Every structure is written in C-alpha cells, then in structure tokens.
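The next block holds one structure in the form of structure tokens; read it before the comments.
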Amino acid sequence: MKVSKNIRLRVYVTYLGMCAFAFMILYKAFSIQINEGQELKAFSDSLRTKIELIQPERGNIYSEDGNFLSSSIPEFDLRVDFKSIQKDTFTKYIEPLSKKLANIFGDKNYMAYKEVLSKEYKKGSRYYLLKRKASYEAYLKVKDLEPFCKGKYKGGLIVKSHTKRINPYDLLANRVVGLWRENEKNIGLEREYNMHLAGRQGKRIVKLIAGGTWMPIDDTEIEPENGRDVNSTIDVKIQDVVENALLKQVEKEESAFGTCIVMEVKTGKIKAIANLGRGKDGKYYENYNYAISRYEPGSTFKLVSLISLFKDELITIDDIVDCNNGKQTFGKYVINDSHHGLGRLSIKNAFAQSSNVAFAKLIHQNYKNKVENYYNNLHTLHLDDYTGLGIAGEIKPRYDRDSSDFKYSLLYMGMGYKILVTPLHICNVYNTIANNGTMMKPYLVNSISEYGKEVIKYEPTVLSENILDSNSIRQIKDALAEVVETGTGKALKNPYYSICGKTGTAQVADKGIKYTDRVYSGSFVGFFPKEDPQYTICVMIRTKKGSNNYYGGLIALPVFKEVANRLFAIKSHNAFEKTQTQSNNTNSVLVKNTTVDKYNVLAQSLSMPSIKNNDNSIVQFYVDSTNKVNYNKIQANNAIIPNVYGMGLRDAMYHLESRGLKVICVGSGKVTSQSIPAGNPVHKGQTITIRLN
C-alpha cells in the first residue's frame, strides 16, 4: 500500500513537471512572438531574399569611318536540370536531341551526346554543364529544341548569360583602343572613357523559392543605364596600312620595337597609331604604347633647333655654316658627323645632310650665354609638358637644365641628344610646321553618343598660334623639302607629290643597354604634300643589338614611304571618283585625267589591284595590252567575286567576307592565287580558298 502511494506521488510530480515545462515553452514562444517577432521575421525574410545587380550593356568604340573597334557580344552558359524532365519525355526526345546538339556544337558526335545525357539523367544531375560560352546563335537554336522548349521547370534548360568584350579587328590599334576586363588593370580608350562606356548598374530584389531558384519580385526592379558609345578619330583603312607597313619592316630588320603615328595636319586628329614590340617567341604584338614613351630623338630634333634659331631671328636658311669636315671640338667635347668631308654649307644643305657639327655649332654659338632663351623656345613648342592625348601612360619630356655643364649640354640637345621626348611630341612639332605655325592638340575621340545621338563633341584645340612668321615657315619647309630632294631622305623623292621630312638616328644607352651593344633608334618624320599638307607621319624603330642597318633613312623611311604613298592614293581617289569617265557598260574604262593617271600608276606600283569606294563599290585596276592602266567599277549589289591578288590577309578577308563568302586561307603574306576567279557571281554560302606567300 505504501509502495503504491509512492508511485502515484512520483507520477503526479512528473506530470506537474511536464506541465510546468510545457507552460514555460508556451510562455517563451508567446514572449518571442510579441517582443521579437518582427525582428525575427525580417531576419527570416533576409535569408530568402537578396538584392541582385543587373549589369548594363557596355558602350561600343567606333572608328571615325563607323567600324567597330571594340564591342560586347553575349555569351551563354547552358546547363540542364534533369530532375525537371519527365522520364517519358526524356526517353522520347533523347535521340533527336542528341543529333541536333551534335549538329549545333560540332564538338562530338550524336552517340557521344546520347551517352553523356543518358548518364547524367540517371544520376539526376541538377546543374549539368551542357555548353560553356555558347554563342547567341547557338543559344537560340538550343532553346527551341525538345524538351528544352517546354520551359525551365519542365524542359530543364538553365541559361546564364554574360557578355564578352571583343575587338572585331583583333590587334588593330589594340594598344590605343585597349581591352576591357572586369577587375583587371585596363588600358587605352577603354580605361580613359570607362565612365561613359560602363553605364550604370540596375537592381532588383529576388526571392528564394522551392527548388533553390531565385525569382524576381514584381515592381522592385531599377533598370540599368546602358553605356554610351565612343567615336574615335581612328580610320580603319589608314590604321591597317600603318600596321602592315610597320610590321613588314620590323620583321625584316628583326627590330626590338617600332611605332608609327599618322596625324591630320589641320585638326590634330590621330588617324592611326601602331605600336609593335617583339615577343619572346620572335613575333610582334601591340604590347606597349611606344608612341607616348620617351627616347632620345636624334636628328629629327634638329627641326626644333631650327625653329628656335628662326624664332629668335638669328639665321636665314641660306646663311653659311662650316661643318669642318665632319669633326669639331667644343671644350672637352668632340662632335662628329656620320658623313665626314662636309665643308662650308648653307644651313639648308647642312640640315639636309643632317650635320651634327653644324647644329651643335649653331646652338652653342647662339645660346651659350642665353641658355634660357633656348629653353623658353622648347616651352613654346610644349616640349616640357604632356601632349594631352587623353590616354594613360604618356610620359612627360625630360632634359637636364640643372647640369653644371649645361652650356655644353646644348651642344647635344641641338642635335637631338640629352633630351628625352616622346615620338608623339616630335610628330606634333612637325605637324605645327605643316600647319603654318599653329600647334594643334593631338586627340583620339571625336564624340560621345547615346543611342546614336551625340551628347558630347570634342573639337580641334589650338595649343599655340603663330609660333613663327610666314617667311620663317616657308624657309623651314624648304629645308625639310631639301632633305628629300638631295639629302638623307632622297629615297622618298617621287614624281607624284612633294614630301617634307627629316631622318633621325640616335645611339641608345638606356634600361640596361650600353653603347657597346650598338643599339639604335632610327626615325623619319614628315608631312605631305608640301603645298597643302594633309598628314604628318612619325616613324621610330628601335634596332636589335649589333644591327648593321640602323640609320633612320634605311629602317624608318621605308615605312613612311609605304604609308605616305597609300595615303596619297586614297586621297587622290576622291579626285578619281569625280573625274572618271565611265562607259555605258560594265567593261573597262580608260582614265585620261592627268591627276588620275598619276594615281593609277602609283596604285599599280603599290600592288593595289582594287580600292573600295564610299558607296561600297569596288574599283579594280589592271594593265591592258597597250600598257595603259584601266579599271572596272563593280557595284556592290552585283555581288561579284573581287580580285584580291596581291592583298594582305586582312584586306583580302574584308573584301571576300563582305560579300558573304566563306574564306579558307593557306600560307601567310600576300595573296598569290584565289580558287574562284574575279568577276564570277557570288553564290550564297560559297567557299573560296586563297593562297598567300
């Protein structure tokens, strides 16, 4: 009996304890609901919602002639959630799906696709990668396939899109245009105009739903603002000419690097800028912007000395200077000419023969007691400041004006040593003479546009006016023309147009290079035609160690010559279009105009069998049985196979692919044959093989 009472007591105690514990739980739950409910609910929601950023479309960079230089294309990662596909649906479509995927992607046969898809379906894969970085065209085809077309929750296709930044012309002007990469150090216009190109991110709130999928919540989205477009001053045709000419020369000489700049005289627009450096594999790449890095310029800087002497009214071009047979001592310094035997010459001829002795003597005698005057003249030419081109990496010129021996430093500055300056600075000085004493600011961007509408426009900017009087300008142009007529640049002399310019050669001792390594910078800078200059061209090439071919007239002048000839041909083509006489049929037409005859002969000598008009028609040149130059004008809508014989690969590809042809290339160099003769009609999907040598 006593035992029974003890058991009941224990049961009652246990029961009361459980009731008390339950009450405490209820109390705590009620307390949390009242006191902390809102806070915990918000915390719970935060685990199931998040803010998702919506990336805008990055703006494009265009050439002045409207071609893409940099653009964004969509790419798609395609994945499959096999759990979403019903078994009977998968069984029904696995065979045709595998065949179509093999046809779309072409990376494996349909049996391989069938095997891997069946394997992943059995595993129940929820996020199988079908294809990474698929094109937009491939994505459209895949999403229409059964069962993918049934939607994400029944068809299982999961698509994640992103954009890829491309330069459609590959390495064309690559260093100037730049290449944008997320979270990377970027260069060129992509970097400098990023605030316009990038646009503004959008936002939206997304909620986690069953199946681990994030779904946007209605009315929470802030649309992104797409980036604006940058319209550059670069001309694709001119850029292509410049890069091909420079590449051919640096490869021939096995040079360390080279740069070439083309500036429009009257505006300061940079129409082309090429930078090619030799890689460890011996090939050349746009690996550094040499055009805005500083070097000792050599004899091209003698123009600066000539400008200074004229500005201070110290000489005329016909004054006589004694070159002392190519050797002169100034205190403890000895100056030598590379061409010995030069005696008493006019300053014009001393400039044409690039006499170091003559210009060291002229600068030393006239400025040894007026050093500041020379430096002030450098300041007038903006040779102590940045050009303001508008891209990162430009280096400010440097010269030693605090040396204890500064009076003798002018000896070397007078002939282009003991001063470090960029090729772009030198180009702009020559452009100033071409522009009759008005210095323009070099620039690379014409405007910023938004959805095709111009929102910011950049106009030509004058840095300095009337640097010299008209008589001094005329005399300096005569001296520059004499270089081509009788001096170190006479290889440029031609019967078609007049050129003003100057050669330059500087022995290099920098960045681990010693004078004993025999490394040189050869350059040529000039403008044409003398009567009405249109373009200024600057070429600078750094030789390999121990090179025997290093004079500017030998390594840089050929690049200038090819670029100038082709630019003259393109410019003359405008006159050609206006003055041509065309017959009633599409056969050849004889050109009789004198200016056009010169153009045709020049085009033929340059192996330019065809040229593209502004109306997209093609003019093809040939020599008839009487050795007269004739041409065919082929309208673009006629869809006729063009003649690409003698063209470089890029030109040939452009002409052929623009007509819808599929091109197979064999070899490298210039086109030596094409599988379909010129003049035949183009058929859709047709393939043409070109051989290059």
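In the structure tokens, each chain is lettered A, B, ... as it comes, each chain's residues begin at 1, and ligands are numbered from 1 in order of appearance.
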
From the DSSP assignment of the backbone, select every residue of range 121-182 of chain A that is strand (DSSP E or B), and format the answer as a PyMOL selection string. chain A and resi 128-134+157-166

Name the residues in contact with range 58-69 of chain A at a cut-off of 6 Å, using only C-alpha atoms, excluding same-chain residues fewer than 3 positions from it; report them as a PyMOL selection string. chain A and resi 167+197-198+227-235

Write a file of the just-selected residues containing N, CA, C and O atoms, as a CSV table (one decimal), in the first residue's frame.
chain,number,residue,atom,x,y,z
A,167,ASN,N,37.5,42.9,-79.7
A,167,ASN,CA,37.9,43.8,-80.7
A,167,ASN,C,37.8,43.2,-82.1
A,167,ASN,O,38.5,42.3,-82.4
A,197,LEU,N,31.5,54.5,-71.1
A,197,LEU,CA,31.3,53.2,-71.6
A,197,LEU,C,30.6,52.3,-70.7
A,197,LEU,O,29.8,51.4,-71.1
A,198,ALA,N,30.8,52.4,-69.4
A,198,ALA,CA,30.4,51.4,-68.4
A,198,ALA,C,28.9,51.5,-68.2
A,198,ALA,O,28.2,50.4,-67.9
A,227,GLY,N,25.8,51.8,-71.4
A,227,GLY,CA,26.9,52.7,-71.6
A,227,GLY,C,26.8,53.5,-72.9
A,227,GLY,O,26.1,53.1,-73.8
A,228,ARG,N,27.4,54.6,-72.9
A,228,ARG,CA,27.5,55.4,-74.1
A,228,ARG,C,28.6,54.9,-75.1
A,228,ARG,O,29.5,54.2,-74.7
A,229,ASP,N,28.5,55.3,-76.3
A,229,ASP,CA,29.4,54.9,-77.4
A,229,ASP,C,30.5,56.0,-77.5
A,229,ASP,O,30.2,57.2,-77.4
A,230,VAL,N,31.7,55.5,-77.8
A,230,VAL,CA,32.9,56.4,-78.0
A,230,VAL,C,33.2,56.4,-79.5
A,230,VAL,O,33.5,55.3,-80.0
A,231,ASN,N,33.2,57.5,-80.1
A,231,ASN,CA,33.5,57.6,-81.6
A,231,ASN,C,34.9,58.2,-81.7
A,231,ASN,O,35.1,59.4,-81.5
A,232,SER,N,35.8,57.4,-82.1
A,232,SER,CA,37.3,57.8,-82.1
A,232,SER,C,37.6,58.5,-83.4
A,232,SER,O,36.8,58.5,-84.4
A,233,THR,N,38.8,59.0,-83.5
A,233,THR,CA,39.4,59.6,-84.7
A,233,THR,C,40.1,58.6,-85.6
A,233,THR,O,40.5,58.9,-86.7
A,234,ILE,N,40.2,57.4,-85.1
A,234,ILE,CA,41.0,56.3,-85.9
A,234,ILE,C,40.3,56.0,-87.1
A,234,ILE,O,39.0,55.7,-87.1
A,235,ASP,N,41.0,55.9,-88.2
A,235,ASP,CA,40.5,55.5,-89.5
A,235,ASP,C,41.0,54.1,-89.8
A,235,ASP,O,42.2,53.8,-89.9

Using only C-alpha atoms, the best pick from A:Ile158, A:Met18, A:Leu567, A:Val525 as closest to Ala272 in chain A would be A:Leu567

Using DSSP assignments from the backbone, pull out every residue in range 452-569 of chain A that falls under helix (DSSP H, G or I) and give it to me as a ChimeraX atom specification. /A:470-485,490-492,515-517,552-555,557-569

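Here CA of Met540 in chain A stands at a distance of 17.5 Å from CA of Asp240 in chain A.
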
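Nearest to Ile499 in chain A of all the residues A:Val559, A:Ile541, A:Val484, A:Ile419 is A:Val484, based on only C-alpha atoms.
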
Using only C-alpha atoms, which protein or nucleic acid residues come within 12 Å of Lys544 in chain A? Drop anything in the same chain fewer than 6 positions from it, and give the result as a ChimeraX atom specification. /A:250-258,277-278,282,507-508,513,517-522,550,555

Once you have the residues from the selection above, write them out as a PDB file, in the first residue's frame, restricted to N, CA and C atoms.
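Result file follows (again_19.pdb):
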ATOM      1  N   VAL A 250      59.646  45.839 -89.301  1.00  0.00           N
ATOM      2  CA  VAL A 250      60.262  45.338 -88.067  1.00  0.00           C
ATOM      3  C   VAL A 250      60.592  43.851 -88.187  1.00  0.00           C
ATOM      4  N   GLU A 251      59.766  43.122 -88.927  1.00  0.00           N
ATOM      5  CA  GLU A 251      60.073  41.711 -89.155  1.00  0.00           C
ATOM      6  C   GLU A 251      61.319  41.559 -90.018  1.00  0.00           C
ATOM      7  N   LYS A 252      61.422  42.385 -91.031  1.00  0.00           N
ATOM      8  CA  LYS A 252      62.584  42.332 -91.913  1.00  0.00           C
ATOM      9  C   LYS A 252      63.872  42.631 -91.157  1.00  0.00           C
ATOM     10  N   GLU A 253      63.842  43.623 -90.274  1.00  0.00           N
ATOM     11  CA  GLU A 253      65.047  44.046 -89.547  1.00  0.00           C
ATOM     12  C   GLU A 253      65.217  43.318 -88.215  1.00  0.00           C
ATOM     13  N   GLU A 254      64.203  42.509 -87.830  1.00  0.00           N
ATOM     14  CA  GLU A 254      64.216  41.841 -86.521  1.00  0.00           C
ATOM     15  C   GLU A 254      64.381  42.869 -85.404  1.00  0.00           C
ATOM     16  N   SER A 255      63.668  43.966 -85.544  1.00  0.00           N
ATOM     17  CA  SER A 255      63.784  45.097 -84.621  1.00  0.00           C
ATOM     18  C   SER A 255      63.226  44.760 -83.239  1.00  0.00           C
ATOM     19  N   ALA A 256      63.682  45.538 -82.231  1.00  0.00           N
ATOM     20  CA  ALA A 256      63.164  45.364 -80.873  1.00  0.00           C
ATOM     21  C   ALA A 256      61.722  45.842 -80.793  1.00  0.00           C
ATOM     22  N   PHE A 257      61.439  46.999 -81.397  1.00  0.00           N
ATOM     23  CA  PHE A 257      60.075  47.517 -81.446  1.00  0.00           C
ATOM     24  C   PHE A 257      60.012  48.660 -82.438  1.00  0.00           C
ATOM     25  N   GLY A 258      58.802  49.083 -82.737  1.00  0.00           N
ATOM     26  CA  GLY A 258      58.599  50.211 -83.641  1.00  0.00           C
ATOM     27  C   GLY A 258      57.257  50.858 -83.394  1.00  0.00           C
ATOM     28  N   GLY A 277      55.951  45.478 -80.631  1.00  0.00           N
ATOM     29  CA  GLY A 277      57.147  45.038 -79.911  1.00  0.00           C
ATOM     30  C   GLY A 277      57.373  43.555 -80.126  1.00  0.00           C
ATOM     31  N   ARG A 278      58.623  43.170 -80.124  1.00  0.00           N
ATOM     32  CA  ARG A 278      58.950  41.761 -80.369  1.00  0.00           C
ATOM     33  C   ARG A 278      58.813  40.957 -79.083  1.00  0.00           C
ATOM     34  N   GLY A 282      59.587  35.759 -80.806  1.00  0.00           N
ATOM     35  CA  GLY A 282      60.047  36.349 -82.056  1.00  0.00           C
ATOM     36  C   GLY A 282      58.950  37.016 -82.864  1.00  0.00           C
ATOM     37  N   GLN A 507      72.028  56.697 -81.102  1.00  0.00           N
ATOM     38  CA  GLN A 507      72.547  55.501 -80.444  1.00  0.00           C
ATOM     39  C   GLN A 507      71.961  55.431 -79.034  1.00  0.00           C
ATOM     40  N   VAL A 508      71.601  54.224 -78.615  1.00  0.00           N
ATOM     41  CA  VAL A 508      70.824  54.040 -77.392  1.00  0.00           C
ATOM     42  C   VAL A 508      71.707  53.545 -76.255  1.00  0.00           C
ATOM     43  N   ILE A 513      70.926  48.808 -71.616  1.00  0.00           N
ATOM     44  CA  ILE A 513      71.611  48.790 -72.915  1.00  0.00           C
ATOM     45  C   ILE A 513      72.810  49.726 -72.856  1.00  0.00           C
ATOM     46  N   ASP A 517      76.662  47.888 -77.107  1.00  0.00           N
ATOM     47  CA  ASP A 517      75.697  46.938 -77.662  1.00  0.00           C
ATOM     48  C   ASP A 517      75.264  47.313 -79.080  1.00  0.00           C
ATOM     49  N   ARG A 518      75.589  48.539 -79.478  1.00  0.00           N
ATOM     50  CA  ARG A 518      75.248  49.026 -80.815  1.00  0.00           C
ATOM     51  C   ARG A 518      73.748  48.860 -81.114  1.00  0.00           C
ATOM     52  N   VAL A 519      72.964  49.503 -80.246  1.00  0.00           N
ATOM     53  CA  VAL A 519      71.521  49.566 -80.440  1.00  0.00           C
ATOM     54  C   VAL A 519      71.166  51.002 -80.818  1.00  0.00           C
ATOM     55  N   TYR A 520      70.289  51.160 -81.817  1.00  0.00           N
ATOM     56  CA  TYR A 520      69.972  52.499 -82.325  1.00  0.00           C
ATOM     57  C   TYR A 520      68.460  52.676 -82.457  1.00  0.00           C
ATOM     58  N   SER A 521      68.054  53.933 -82.418  1.00  0.00           N
ATOM     59  CA  SER A 521      66.685  54.304 -82.776  1.00  0.00           C
ATOM     60  C   SER A 521      66.748  55.069 -84.090  1.00  0.00           C
ATOM     61  N   GLY A 522      66.133  54.510 -85.113  1.00  0.00           N
ATOM     62  CA  GLY A 522      66.073  55.179 -86.408  1.00  0.00           C
ATOM     63  C   GLY A 522      64.686  55.742 -86.626  1.00  0.00           C
ATOM     64  N   TYR A 550      70.951  50.697 -89.318  1.00  0.00           N
ATOM     65  CA  TYR A 550      70.335  51.446 -88.222  1.00  0.00           C
ATOM     66  C   TYR A 550      69.996  52.893 -88.539  1.00  0.00           C
ATOM     67  N   ILE A 555      65.872  52.328 -92.068  1.00  0.00           N
ATOM     68  CA  ILE A 555      64.909  51.462 -91.382  1.00  0.00           C
ATOM     69  C   ILE A 555      63.542  52.114 -91.159  1.00  0.00           C
TER      70      ILE A 555
END
